[in-house]
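Next comes data-v4.txt, with compact mmCIF, C-alpha atoms.
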```txt
# COMPACT_ATOMS: atom_id res chain seq x y z
CA MET A 1 0.57 -219.88 -78.19
CA PRO A 2 0.44 -219.90 -82.03
CA LEU A 3 2.92 -222.34 -83.57
CA PRO A 4 4.81 -219.76 -85.72
CA LEU A 5 5.39 -217.55 -82.68
CA TRP A 6 6.64 -220.49 -80.63
CA LEU A 7 9.07 -221.49 -83.38
CA ALA A 8 10.40 -217.92 -83.64
CA MET A 9 11.04 -217.72 -79.90
CA ALA A 10 12.82 -221.10 -79.94
CA ALA A 11 15.09 -219.88 -82.75
CA ILE A 12 15.98 -216.72 -80.82
CA ALA A 13 16.80 -218.79 -77.71
CA SER A 14 19.08 -221.07 -79.73
CA LEU A 15 20.98 -218.11 -81.13
CA ALA A 16 21.33 -216.57 -77.67
CA LEU A 17 23.01 -219.74 -76.43
CA GLY A 18 24.88 -220.79 -79.55
CA VAL A 19 26.54 -217.55 -80.70
CA PRO A 20 28.44 -216.87 -77.43
CA ALA A 21 29.56 -220.49 -77.34
CA LEU A 22 30.83 -220.18 -80.91
CA VAL A 23 32.68 -216.97 -80.09
CA VAL A 24 34.37 -218.56 -77.06
CA ALA A 25 35.28 -221.66 -79.07
CA THR A 26 36.88 -219.71 -81.90
CA MET A 27 38.49 -216.75 -80.07
CA PRO A 28 42.34 -216.65 -80.24
CA ARG A 29 44.26 -217.97 -77.24
CA ALA A 30 47.77 -217.21 -76.02
CA THR A 31 50.02 -220.15 -76.86
CA VAL A 32 53.42 -221.01 -75.50
CA ASP A 33 56.25 -221.57 -77.95
CA ARG A 34 57.54 -224.89 -76.65
CA SER A 35 60.78 -224.68 -78.64
CA ALA A 36 61.71 -221.46 -76.86
CA LEU A 37 60.93 -223.10 -73.52
CA ALA A 38 62.85 -226.30 -74.21
CA ARG A 39 65.65 -225.26 -71.84
CA ILE A 40 63.27 -224.52 -68.98
CA VAL A 41 63.14 -227.79 -67.09
CA HIS A 42 62.13 -228.84 -63.62
CA PRO A 43 65.02 -230.05 -61.48
CA LYS A 44 65.76 -233.75 -61.61
CA ARG A 45 66.66 -233.61 -57.95
CA VAL A 46 66.28 -231.31 -55.00
CA VAL A 47 69.62 -229.91 -53.83
CA PRO A 48 70.47 -231.74 -50.60
CA LYS A 49 71.26 -229.98 -47.35
CA ALA A 50 74.95 -230.87 -47.62
CA GLU A 51 75.29 -229.03 -50.96
CA ILE A 52 74.85 -225.26 -51.29
CA PRO A 53 72.66 -224.36 -54.30
CA GLU A 54 74.37 -222.71 -57.25
CA VAL A 55 73.50 -219.10 -58.06
CA GLU A 56 73.44 -218.77 -61.83
CA PRO A 57 73.51 -215.58 -63.95
CA VAL A 58 70.04 -214.42 -64.93
CA GLU A 59 69.09 -215.53 -68.44
CA ILE A 60 65.70 -214.84 -69.97
CA ALA A 61 63.85 -217.04 -72.49
CA ALA A 62 63.16 -215.28 -75.79
CA LEU A 63 59.36 -215.17 -75.59
CA PRO A 64 56.72 -212.57 -76.44
CA ALA A 65 55.11 -211.05 -73.36
CA ASP A 66 51.76 -212.81 -73.82
CA GLU A 67 53.40 -216.23 -74.12
CA ALA A 68 55.56 -215.50 -71.07
CA ARG A 69 52.47 -214.59 -69.06
CA ALA A 70 50.73 -217.77 -70.18
CA PHE A 71 53.69 -219.88 -69.13
CA ASN A 72 54.02 -218.13 -65.78
CA ALA A 73 50.30 -218.50 -65.08
CA ALA A 74 50.59 -222.25 -65.66
CA ILE A 75 53.12 -222.62 -62.84
CA PRO A 76 51.12 -223.32 -59.67
CA PHE A 77 51.81 -221.68 -56.34
CA SER A 78 53.42 -223.92 -53.75
CA THR A 79 50.97 -225.41 -51.26
CA ALA A 80 53.67 -225.78 -48.60
CA PRO A 81 53.70 -223.32 -45.67
CA ASN A 82 55.07 -219.86 -46.46
CA PRO A 83 56.18 -218.47 -43.10
CA ALA A 84 57.40 -214.91 -42.74
CA ALA A 85 61.13 -214.24 -42.42
CA ARG A 86 62.60 -213.22 -39.09
CA PRO A 87 63.21 -209.49 -38.59
CA PHE A 88 66.65 -208.27 -39.58
CA VAL A 89 68.30 -205.46 -37.62
CA LEU A 90 71.51 -204.09 -39.08
CA THR A 91 74.28 -203.31 -36.61
CA GLY A 92 77.73 -201.91 -37.14
CA ALA A 93 79.55 -198.71 -37.95
CA THR A 94 77.67 -195.63 -39.15
CA ALA A 95 79.45 -195.62 -42.51
CA ASP A 96 78.51 -199.27 -43.14
CA ARG A 97 74.92 -198.54 -42.22
CA GLU A 98 74.71 -195.58 -44.60
CA ARG A 99 76.15 -197.63 -47.45
CA ALA A 100 73.74 -200.50 -46.75
CA ILE A 101 70.72 -198.18 -46.68
CA ASP A 102 71.62 -196.62 -50.00
CA CYS A 103 72.39 -199.94 -51.72
CA LEU A 104 69.06 -201.34 -50.54
CA ALA A 105 67.25 -198.14 -51.55
CA ALA A 106 68.78 -198.36 -55.03
CA ALA A 107 67.60 -201.97 -55.38
CA THR A 108 64.06 -201.09 -54.37
CA TRP A 109 63.77 -198.05 -56.65
CA TYR A 110 65.38 -199.50 -59.78
CA GLU A 111 63.59 -202.85 -59.41
CA ALA A 112 60.12 -201.71 -58.26
CA GLY A 113 59.93 -198.03 -59.19
CA ASP A 114 58.36 -195.52 -56.82
CA ASP A 115 55.94 -198.09 -55.36
CA ALA A 116 56.10 -198.69 -51.61
CA VAL A 117 54.59 -202.19 -51.66
CA GLY A 118 56.84 -203.41 -54.46
CA GLN A 119 59.86 -201.80 -52.80
CA ARG A 120 59.16 -203.60 -49.51
CA ALA A 121 58.95 -206.91 -51.36
CA VAL A 122 62.28 -206.32 -53.12
CA ALA A 123 63.94 -205.27 -49.85
CA GLN A 124 62.78 -208.51 -48.21
CA VAL A 125 64.31 -210.61 -51.01
CA VAL A 126 67.64 -208.80 -50.58
CA LEU A 127 67.64 -209.50 -46.83
CA ASN A 128 66.62 -213.12 -47.39
CA ARG A 129 69.59 -213.52 -49.70
CA LEU A 130 71.87 -211.87 -47.16
CA ARG A 131 71.01 -214.60 -44.64
CA HIS A 132 71.34 -217.47 -47.11
CA PRO A 133 74.72 -219.23 -47.52
CA ALA A 134 74.49 -219.12 -51.33
CA PHE A 135 74.80 -215.32 -51.45
CA PRO A 136 77.20 -212.58 -50.26
CA LYS A 137 77.19 -211.56 -46.59
CA THR A 138 76.53 -207.83 -46.99
CA VAL A 139 73.62 -205.78 -48.32
CA CYS A 140 75.70 -204.11 -51.02
CA GLY A 141 77.36 -207.42 -51.88
CA VAL A 142 73.95 -209.01 -52.49
CA VAL A 143 72.58 -206.11 -54.54
CA PHE A 144 75.65 -205.72 -56.76
CA GLN A 145 76.51 -209.42 -57.15
CA GLY A 146 77.63 -209.96 -60.75
CA GLN A 147 77.77 -206.23 -61.54
CA GLU A 148 80.98 -206.76 -63.50
CA ARG A 149 79.05 -208.66 -66.17
CA ARG A 150 77.44 -206.92 -69.15
CA THR A 151 74.49 -209.30 -68.78
CA GLY A 152 73.57 -211.90 -66.21
CA CYS A 153 74.02 -209.85 -63.03
CA GLN A 154 71.68 -210.81 -60.20
CA PHE A 155 69.83 -207.47 -60.15
CA THR A 156 69.70 -206.32 -63.75
CA PHE A 157 69.87 -202.59 -63.01
CA THR A 158 73.47 -203.04 -61.83
CA CYS A 159 74.76 -204.04 -65.27
CA ASP A 160 72.27 -202.91 -67.94
CA GLY A 161 72.95 -199.17 -67.88
CA ALA A 162 69.83 -198.32 -65.86
CA MET A 163 71.88 -196.42 -63.29
CA THR A 164 72.45 -193.63 -65.76
CA ARG A 165 68.89 -192.67 -64.74
CA THR A 166 68.49 -191.37 -61.21
CA PRO A 167 65.38 -190.98 -59.05
CA SER A 168 63.99 -187.58 -58.17
CA PRO A 169 65.12 -186.31 -54.76
CA ALA A 170 61.68 -187.00 -53.27
CA ALA A 171 61.55 -190.54 -54.71
CA TRP A 172 65.05 -191.25 -53.42
CA VAL A 173 64.10 -190.15 -49.91
CA ARG A 174 61.08 -192.48 -50.02
CA ALA A 175 63.23 -195.40 -51.17
CA GLN A 176 65.76 -194.70 -48.42
CA GLU A 177 62.98 -194.74 -45.85
CA ILE A 178 61.75 -198.14 -47.08
CA ALA A 179 65.33 -199.43 -46.85
CA ARG A 180 65.82 -197.94 -43.40
CA MET A 181 62.65 -199.63 -42.13
CA ALA A 182 63.71 -203.00 -43.53
CA LEU A 183 67.13 -202.72 -41.89
CA ASN A 184 65.46 -201.82 -38.58
CA GLY A 185 63.41 -205.02 -38.45
CA ALA A 186 60.36 -204.41 -40.70
CA VAL A 187 59.27 -207.64 -42.41
CA PHE A 188 57.25 -208.01 -45.62
CA ALA A 189 55.60 -211.29 -44.72
CA LYS A 190 53.87 -212.02 -48.01
CA VAL A 191 57.03 -213.12 -49.85
CA GLY A 192 58.19 -215.34 -46.99
CA HIS A 193 61.71 -216.66 -47.63
CA ALA A 194 61.73 -215.85 -51.36
CA THR A 195 65.20 -215.40 -52.82
CA HIS A 196 64.19 -214.88 -56.46
CA TYR A 197 61.58 -212.89 -58.37
CA HIS A 198 60.76 -211.73 -61.86
CA THR A 199 58.03 -209.80 -63.67
CA ASP A 200 55.20 -211.81 -65.17
CA TRP A 201 56.06 -210.84 -68.76
CA VAL A 202 59.47 -212.58 -68.76
CA VAL A 203 60.52 -216.19 -68.10
CA PRO A 204 63.96 -216.74 -66.56
CA TYR A 205 65.31 -220.21 -67.19
CA TRP A 206 65.26 -220.96 -63.45
CA SER A 207 61.60 -220.08 -62.88
CA ALA A 208 60.12 -223.59 -63.29
CA SER A 209 62.75 -225.14 -61.01
CA LEU A 210 61.82 -223.14 -57.89
CA ASP A 211 58.72 -222.96 -55.70
CA LYS A 212 56.42 -220.05 -56.59
CA VAL A 213 55.23 -218.57 -53.30
CA ALA A 214 53.77 -215.11 -53.89
CA GLU A 215 52.62 -212.49 -56.37
CA VAL A 216 52.99 -208.75 -55.74
CA HIS A 217 51.55 -206.61 -58.52
CA THR A 218 53.30 -207.88 -61.66
CA HIS A 219 56.17 -209.58 -59.80
CA LEU A 220 56.28 -213.31 -59.00
CA PHE A 221 58.36 -214.52 -56.04
CA PHE A 222 60.14 -217.85 -55.63
CA ARG A 223 62.17 -219.81 -53.08
CA TRP A 224 64.41 -222.83 -53.47
CA THR A 225 62.78 -226.24 -53.33
CA GLY A 226 63.53 -228.57 -50.43
CA TRP A 227 65.51 -227.72 -47.32
CA TRP A 228 67.25 -224.70 -48.86
CA GLY A 229 63.92 -222.85 -49.02
CA THR A 230 62.97 -223.47 -45.38
CA PRO A 231 63.61 -221.11 -42.42
CA PRO A 232 66.59 -223.09 -40.99
CA ALA A 233 68.56 -222.45 -44.22
CA PHE A 234 68.51 -218.70 -43.56
CA ARG A 235 70.93 -218.86 -40.67
CA ARG A 236 74.05 -216.99 -41.76
CA ALA A 237 75.21 -213.91 -39.87
CA TYR A 238 75.75 -210.46 -41.38
CA ALA A 239 79.41 -209.71 -42.20
CA GLY A 240 79.18 -206.11 -40.93
CA ALA A 241 81.56 -204.45 -43.41
CA GLU A 242 79.72 -202.99 -46.39
CA PRO A 243 81.82 -202.57 -49.56
CA VAL A 244 82.09 -199.20 -51.26
CA ILE A 245 80.37 -199.42 -54.67
CA ALA A 246 81.70 -197.06 -57.34
CA LYS A 247 78.45 -197.22 -59.32
CA MET A 248 76.60 -195.76 -56.33
CA ALA A 249 78.71 -192.61 -56.20
CA LEU A 250 76.19 -190.48 -58.13
CA LEU A 251 73.41 -191.36 -55.68
CA SER A 252 75.18 -191.84 -52.39
CA PRO A 253 77.77 -189.71 -50.58
CA ALA A 254 78.56 -192.81 -48.52
CA HIS A 255 79.94 -194.46 -51.65
CA ARG A 256 81.96 -191.56 -52.99
CA GLY A 257 85.09 -192.86 -51.36
CA ALA A 258 84.96 -195.73 -53.82
CA ALA A 259 88.07 -196.84 -55.60
CA ASP A 260 88.32 -194.60 -58.62
CA PRO A 261 87.29 -196.61 -61.71
CA LEU A 262 89.62 -194.35 -63.69
CA ALA A 263 92.63 -195.20 -61.55
CA GLY A 264 95.47 -196.71 -63.51
CA ILE A 265 94.81 -194.76 -66.69
CA GLU A 266 98.05 -194.01 -68.46
CA LYS A 267 98.98 -190.92 -70.40
CA VAL A 268 101.23 -190.61 -73.42
CA ASP A 269 102.65 -187.13 -74.02
CA GLY A 270 100.13 -185.79 -71.51
CA ALA A 271 97.08 -187.41 -73.18
CA ILE A 272 95.08 -190.47 -72.15
CA ASP A 273 95.90 -193.81 -73.75
CA PRO A 274 92.52 -195.49 -74.53
CA ALA A 275 93.99 -198.96 -73.99
CA SER A 276 94.75 -198.11 -70.36
CA ILE A 277 91.10 -197.41 -69.48
CA PRO A 278 89.95 -200.36 -67.31
CA ASP A 279 86.94 -202.53 -68.08
CA SER A 280 85.18 -201.17 -64.99
CA ALA A 281 85.03 -197.71 -66.60
CA VAL A 282 83.60 -198.94 -69.92
CA PRO A 283 79.81 -198.40 -70.13
CA ALA A 284 77.34 -200.99 -71.37
CA PRO A 285 75.28 -200.49 -74.55
CA VAL A 286 71.87 -198.89 -74.09
CA ALA A 287 70.14 -202.21 -74.82
CA ALA A 288 70.79 -205.71 -76.11
CA ALA A 289 68.95 -204.74 -79.29
CA GLU A 290 71.32 -201.77 -79.78
CA PRO A 291 74.79 -203.19 -79.00
CA ASP A 292 76.56 -200.40 -80.89
CA THR A 293 74.87 -197.44 -79.16
CA PHE A 294 75.97 -195.96 -75.84
CA TYR A 295 74.34 -193.24 -73.70
CA VAL A 296 76.90 -192.33 -71.09
CA ALA A 297 77.17 -190.27 -67.92
CA LEU A 298 80.62 -188.72 -68.30
CA ASP A 299 82.99 -188.27 -65.39
CA ARG A 300 84.51 -184.79 -65.50
CA LYS A 301 87.66 -186.17 -63.92
CA LEU A 302 88.49 -187.65 -67.32
CA GLY A 303 88.73 -184.18 -68.82
CA ASP A 304 87.20 -183.26 -72.14
CA ASP A 305 90.03 -184.90 -74.11
CA GLY A 306 89.52 -188.02 -72.03
CA PHE A 307 85.94 -188.35 -73.32
CA ALA A 308 87.34 -189.19 -76.75
CA ALA A 309 89.67 -191.77 -75.25
CA LEU A 310 86.73 -193.37 -73.41
CA ALA A 311 84.71 -193.41 -76.63
CA ILE A 312 87.47 -195.21 -78.49
CA ARG A 313 87.92 -197.71 -75.65
CA THR A 314 84.15 -198.30 -75.46
CA CYS A 315 83.62 -198.73 -79.20
CA GLY A 316 86.53 -201.14 -79.41
CA GLU A 317 86.64 -202.91 -82.77
CA ARG A 318 83.03 -202.16 -83.71
CA PRO A 319 82.80 -201.04 -87.34
CA TYR A 320 79.79 -198.90 -86.40
CA CYS A 321 79.45 -197.13 -83.07
CA LYS A 322 77.48 -194.22 -81.60
CA PHE A 323 78.70 -192.87 -78.26
CA LEU A 324 76.72 -189.98 -76.74
CA GLY A 325 77.67 -188.48 -73.39
CA TRP A 326 76.37 -186.05 -70.79
CA THR A 327 78.28 -184.65 -67.81
CA ASP A 328 74.95 -184.22 -66.01
CA PRO A 329 73.76 -187.80 -65.30
CA ARG A 330 70.17 -186.59 -64.94
CA LYS A 331 70.14 -185.75 -68.65
CA VAL A 332 71.11 -189.25 -69.82
CA PRO A 333 68.07 -190.69 -71.63
CA PRO A 334 66.76 -194.14 -70.70
CA ALA A 335 67.23 -196.99 -73.15
CA GLY A 336 64.78 -197.17 -76.02
CA THR A 337 63.77 -193.52 -76.00
CA THR A 338 64.06 -191.02 -78.82
CA LEU A 339 66.40 -188.15 -78.02
CA SER A 340 64.51 -184.95 -77.28
CA ARG A 341 65.63 -181.49 -78.35
CA ALA A 342 66.50 -180.68 -74.72
CA GLN A 343 68.69 -183.78 -74.44
CA LEU A 344 70.47 -182.90 -77.66
CA GLU A 345 71.08 -179.34 -76.47
CA THR A 346 72.59 -180.53 -73.18
CA MET A 347 74.75 -183.28 -74.68
CA SER A 348 78.40 -182.75 -73.73
CA PHE A 349 80.18 -185.02 -76.21
CA SER A 350 79.45 -187.30 -79.14
CA TYR A 351 81.45 -189.78 -81.16
CA LEU A 352 80.22 -191.44 -84.35
CA ARG A 353 82.03 -194.14 -86.28
CA ASP A 354 81.06 -195.84 -89.54
CA ALA A 355 83.95 -197.84 -90.96
CA ALA A 356 81.98 -198.72 -94.09
CA GLN A 357 81.92 -195.01 -94.92
CA GLY A 358 85.42 -194.33 -93.66
CA PHE A 359 84.01 -192.00 -91.03
CA GLY A 360 84.97 -191.29 -87.45
CA LYS A 361 84.20 -188.00 -85.73
CA ALA A 362 84.24 -186.62 -82.20
CA LEU A 363 82.42 -183.42 -81.26
CA TRP A 364 82.21 -181.43 -78.05
CA ASN A 365 79.64 -179.02 -76.66
CA CYS A 366 81.76 -175.90 -76.91
CA THR A 367 79.49 -173.91 -74.60
CA GLU A 368 80.70 -176.34 -71.93
CA PHE A 369 84.25 -177.09 -73.12
CA LYS A 370 86.66 -174.87 -74.99
CA ARG A 371 88.23 -176.60 -77.96
CA PRO A 372 91.21 -175.56 -80.06
CA SER A 373 89.21 -175.58 -83.31
CA PRO A 374 85.58 -174.74 -84.13
CA VAL A 375 85.36 -177.86 -86.29
CA GLN A 376 85.36 -179.85 -83.04
CA CYS A 377 82.21 -178.10 -81.82
CA MET A 378 78.71 -179.49 -82.01
CA ARG A 379 76.18 -177.61 -84.05
CA ARG A 380 72.94 -177.06 -82.20
CA GLY A 381 70.67 -179.44 -84.05
CA PRO A 382 69.93 -183.12 -84.60
CA VAL A 383 72.52 -185.75 -83.78
CA PRO A 384 74.96 -185.72 -86.70
CA GLN A 385 74.83 -188.75 -88.97
CA ALA A 386 77.84 -190.50 -90.36
CA VAL A 387 78.61 -189.15 -93.84
CA SER A 388 81.58 -190.22 -95.85
CA THR A 389 84.40 -187.70 -95.97
CA ALA A 390 86.64 -189.92 -98.08
CA THR A 391 87.39 -189.25 -101.72
CA PRO A 392 87.44 -192.12 -104.23
CA GLN A 393 91.22 -192.09 -104.16
CA ASP A 394 91.59 -192.40 -100.38
CA THR A 395 88.55 -194.49 -99.42
CA GLY A 396 90.64 -197.53 -98.57
CA ASP A 397 92.95 -195.60 -96.29
CA ALA A 398 90.02 -193.84 -94.66
CA VAL A 399 88.41 -197.16 -93.75
CA LYS A 400 91.65 -198.26 -92.18
CA ARG A 401 91.77 -195.02 -90.20
CA ALA A 402 88.17 -195.30 -88.98
CA SER A 403 89.17 -196.69 -85.60
CA VAL A 404 91.06 -193.44 -84.99
CA PRO A 405 88.55 -190.60 -85.51
CA ASP A 406 89.67 -187.32 -87.00
CA GLY A 407 89.98 -184.40 -84.63
CA LEU A 408 90.82 -186.40 -81.49
CA THR A 409 93.74 -184.25 -80.52
CA GLY A 410 93.61 -185.39 -76.91
CA VAL A 411 94.02 -189.07 -77.73
CA ARG A 412 97.46 -190.59 -78.00
CA ARG A 413 98.59 -194.16 -78.35
CA LYS A 414 101.89 -195.69 -77.48
CA GLU A 415 103.86 -195.64 -80.68
CA PRO A 416 105.59 -198.89 -81.69
CA ALA A 417 109.32 -198.81 -82.05
CA PRO A 418 110.47 -197.73 -85.52
CA PRO A 419 111.20 -200.57 -87.96
CA ALA A 420 114.76 -201.79 -88.05
CA ALA A 421 116.92 -200.39 -90.83
CA ALA A 422 117.55 -202.65 -93.80
CA PRO A 423 120.79 -204.62 -93.31
CA SER A 424 123.77 -203.53 -95.36
CA PRO A 425 125.08 -205.89 -98.04
CA GLY A 426 127.62 -208.36 -96.76
CA PRO A 427 127.84 -211.44 -94.60
CA SER A 428 124.77 -211.94 -92.44
CA PRO A 429 125.33 -211.99 -88.70
CA ALA A 430 124.21 -215.04 -86.74
CA GLY A 431 120.42 -215.32 -86.64
CA ALA A 432 119.83 -212.94 -89.54
CA GLY A 433 117.49 -215.46 -91.12
CA ASP A 434 115.14 -215.34 -88.10
CA ALA A 435 112.02 -213.19 -87.93
CA PRO A 436 112.73 -209.69 -86.59
CA ALA A 437 111.90 -209.06 -82.93
CA ARG A 438 108.48 -207.48 -82.27
CA ALA A 439 108.27 -203.92 -81.07
CA SER A 440 107.32 -203.60 -77.42
CA GLY A 441 103.59 -203.81 -76.93
CA ASP A 442 102.84 -205.63 -80.21
CA GLN A 443 100.79 -208.82 -80.11
CA PRO A 444 101.53 -212.08 -81.91
```
Let's see the structure in the file written out as structure tokens.
Amino acid sequence: MPLPLWLAMAAIASLALGVPALVVATMPRATVDRSALARIVHPKRVVPKAEIPEVEPVEIAALPADEARAFNAAIPFSTAPNPAARPFVLTGATADRERAIDCLAAATWYEAGDDAVGQRAVAQVVLNRLRHPAFPKTVCGVVFQGQERRTGCQFTFTCDGAMTRTPSPAAWVRAQEIARMALNGAVFAKVGHATHYHTDWVVPYWSASLDKVAEVHTHLFFRWTGWWGTPPAFRRAYAGAEPVIAKMALLSPAHRGAADPLAGIEKVDGAIDPASIPDSAVPAPVAAAEPDTFYVALDRKLGDDGFAALAIRTCGERPYCKFLGWTDPRKVPPAGTTLSRAQLETMSFSYLRDAAQGFGKALWNCTEFKRPSPVQCMRRGPVPQAVSTATPQDTGDAVKRASVPDGLTGVRRKEPAPPAAAPSPGPSPAGAGDAPARASGDQP
């Protein structure tokens, strides 16, 4: 072979080997932000058999999705045996069974979507928890553990506002069937005795302290380390009396006998006092990133005037607040979405507050509710924006009034007692130098 030709072929071969190697060496790689993961530590000790493990509220490390995936991928799967759980067969009264089926169906649909494999995995985790001494003794108790929190509940859909969305009738029937099978003894063996799981794009602070045992689609499943993750730990019996869950009332007739979350509301001169609305009736913000925005499924039992009272109670002391409500829960948009024209047209009530502009306004959908004045009616168009209605002379007063929006004729507050009359000139009675007594209901 001529020398020049040989040299040319050698050069081409070198490029063929060297260029890919250079590309691989210089391509960007996902890195883990160690400072954000500083709180994620392996346990210094395995919880002994004599001590029941603590169930902590769910808290997620603030990591981008790619870094979370890299961290999760670095956690190895346990090499210890991963035996399947024993079948669970629910027994008890018909009403308890119906409530259990619907609570389990809700967990599977909200946590795994309309995916049969993912739903079976979630159902198995719920039943594993049911049998473990660290968790409640009923299906509904397990699913809704921590629901009273705004964040940190065990199953996030129970406290993050997700239940304003509801499955289609067909999807709900499928979820109920998955739940029914699980409660009749069906076992999803792959997850073994897992009691925890999370998606691969988040990192809960507990994830590195448990044994990773399985992966189902994008979900990773974990069990406790040591004895508390072995079959003998899952020994506790079912309590047999399922609680009625008020948050399930929209989905489940079996839960519509729930204690009314609006019970105890007081009225002043026939109108609802916002302060009397209990915490259980106050909705959560649409998302952690939007703490001043609320998309709400409104309970008609409040009455249209009561919507304004709920808005005031929900917004609390926020200087800015947007409260949008629908009486049809199917119309409530999921968090993070832009309101469509159809959702705007079907909105039943809105309340906007901007204390910086001295603005507070409640509006009703007057095709749905009759109001005493047309100024209280929504115009069919985009969501109204807060615009100052204060004049230069009354701006200060308007800001002070912002917590009480104009036009809320159905909202009344308990009025404090009138101030005491100025004492007449003359000798002071005993104690006149003391501070005057507070009106009933005032705070120090």
Straight-line distance linking CA of Leu220 in chain A with CA of Asp200 in chain A, stated in Å to one decimal: 6.4 Å
When you count all atoms listed in the file, which of these residues is closest to Arg86 in chain A: A:His196, A:Arg235, A:Ser168, A:Lys212?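 Counting all atoms listed in the file, the residue closest to Arg86 in chain A is A:Arg235.
Ranking A:Arg97, A:Arg223, A:Lys331, A:Arg165 by their shortest atom-to-atom distance to Val139 in chain A, with all atoms listed in the file included, puts A:Arg97 first.
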Exercise: Thr166 in chain A partners within 10 Å, all atoms listed in the file, chain neighbours under 3 positions left out, as an NGL selection string: :A and (106 or 109-110 or 162-163 or 169 or 171-172 or 250-251 or 329-332)
For the residues in the current selection, export C-alpha atoms as a compact mmCIF listing (two decimals), keeping the file's coordinate frame.
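Writing the result to selection.txt gives the following:
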```txt
# COMPACT_ATOMS: atom_id res chain seq x y z
CA ALA A 106 68.78 -198.36 -55.03
CA TRP A 109 63.77 -198.05 -56.65
CA TYR A 110 65.38 -199.50 -59.78
CA ALA A 162 69.83 -198.32 -65.86
CA MET A 163 71.88 -196.42 -63.29
CA PRO A 169 65.12 -186.31 -54.76
CA ALA A 171 61.55 -190.54 -54.71
CA TRP A 172 65.05 -191.25 -53.42
CA LEU A 250 76.19 -190.48 -58.13
CA LEU A 251 73.41 -191.36 -55.68
CA PRO A 329 73.76 -187.80 -65.30
CA ARG A 330 70.17 -186.59 -64.94
CA LYS A 331 70.14 -185.75 -68.65
CA VAL A 332 71.11 -189.25 -69.82
```
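For Glu56 in chain A, the set of protein, DNA and RNA residues having any atom at most 10 Å away, when counting all atoms listed in the file and skipping those fewer than 6 positions along the same chain, is A:Gly146, A:Gly152, A:Cys153, A:Gln154, A:Tyr205, A:Trp206.
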Write the selection just made, keeping C-alpha atoms, as a PDB file, in the frame of the given file?
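Output file out13.pdb follows:
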```
ATOM      1  CA  GLY A 146      77.630-209.960 -60.750  1.00  0.00           C
ATOM      2  CA  GLY A 152      73.570-211.900 -66.210  1.00  0.00           C
ATOM      3  CA  CYS A 153      74.020-209.850 -63.030  1.00  0.00           C
ATOM      4  CA  GLN A 154      71.680-210.810 -60.200  1.00  0.00           C
ATOM      5  CA  TYR A 205      65.310-220.210 -67.190  1.00  0.00           C
ATOM      6  CA  TRP A 206      65.260-220.960 -63.450  1.00  0.00           C
TER       7      TRP A 206
END
```
If we count only C-alpha atoms, what is near Val47 in chain A at a cut-off of 12 Å, once residues fewer than 6 positions away on the same chain are taken out, given as a ChimeraX atom specification? /A:53-54,209-210,224-229
Which residues, written as a compact mmCIF listing (two decimals) with C-alpha atoms, keeping the file's coordinate frame, have at least one atom at most 9 Å from Val122 in chain A, with only C-alpha atoms counted and residues fewer than 2 positions away on the same chain left out?
```
# COMPACT_ATOMS: atom_id res chain seq x y z
CA LEU A 104 69.06 -201.34 -50.54
CA ALA A 107 67.60 -201.97 -55.38
CA THR A 108 64.06 -201.09 -54.37
CA GLU A 111 63.59 -202.85 -59.41
CA ALA A 112 60.12 -201.71 -58.26
CA VAL A 117 54.59 -202.19 -51.66
CA GLY A 118 56.84 -203.41 -54.46
CA GLN A 119 59.86 -201.80 -52.80
CA ARG A 120 59.16 -203.60 -49.51
CA GLN A 124 62.78 -208.51 -48.21
CA VAL A 125 64.31 -210.61 -51.01
CA VAL A 126 67.64 -208.80 -50.58
CA LEU A 127 67.64 -209.50 -46.83
CA TYR A 197 61.58 -212.89 -58.37
```
Figure out the distance between CA of Thr156 in chain A and CA of Phe222 in chain A, please, to one decimal in Å.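 Computed distance, CA of Phe222 in chain A to CA of Thr156 in chain A, equals 17.0 Å.
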In Å, with one decimal, what is the gap from CA of Pro285 in chain A to CA of Asp66 in chain A?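 Separation between CA of Pro285 in chain A and CA of Asp66 in chain A: 26.6 Å.
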From the set A:Asp354, A:Asp304, A:Asp328, A:Asp279, which residue has the shortest atom-to-atom contact distance to Cys366 in chain A, counting only C-alpha atoms?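 Among A:Asp354, A:Asp304, A:Asp328, A:Asp279, it is A:Asp304 that comes nearest to Cys366 in chain A.
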Which one is closest to Ala309 in chain A: A:Glu67, A:Asp273, A:Asp292, A:Asp114? Count all atoms listed in the file. A:Asp273
Is it possible to get the residues within 10 Å of (75.6, -196.0, -43.5) (coordinates as in the file, counting all atoms listed in the file) written as a VMD selection string? chain A and resid 92 to 103 180 242 252 to 255
Would you list the contacts of range 294-296 of chain A as a PyMOL selection string, taking every protein, DNA or RNA residue within 10 Å and counting only C-alpha atoms, but skipping same-chain residues closer than 6 positions in sequence? chain A and resi 161+164+282-287+311+314-315+321-329+331-335+347+349-351
So which one's closest to Ala233 in chain A, A:Ala281, A:Ala182, A:Ala288, A:Leu130? Using all atoms listed in the file, please. A:Leu130
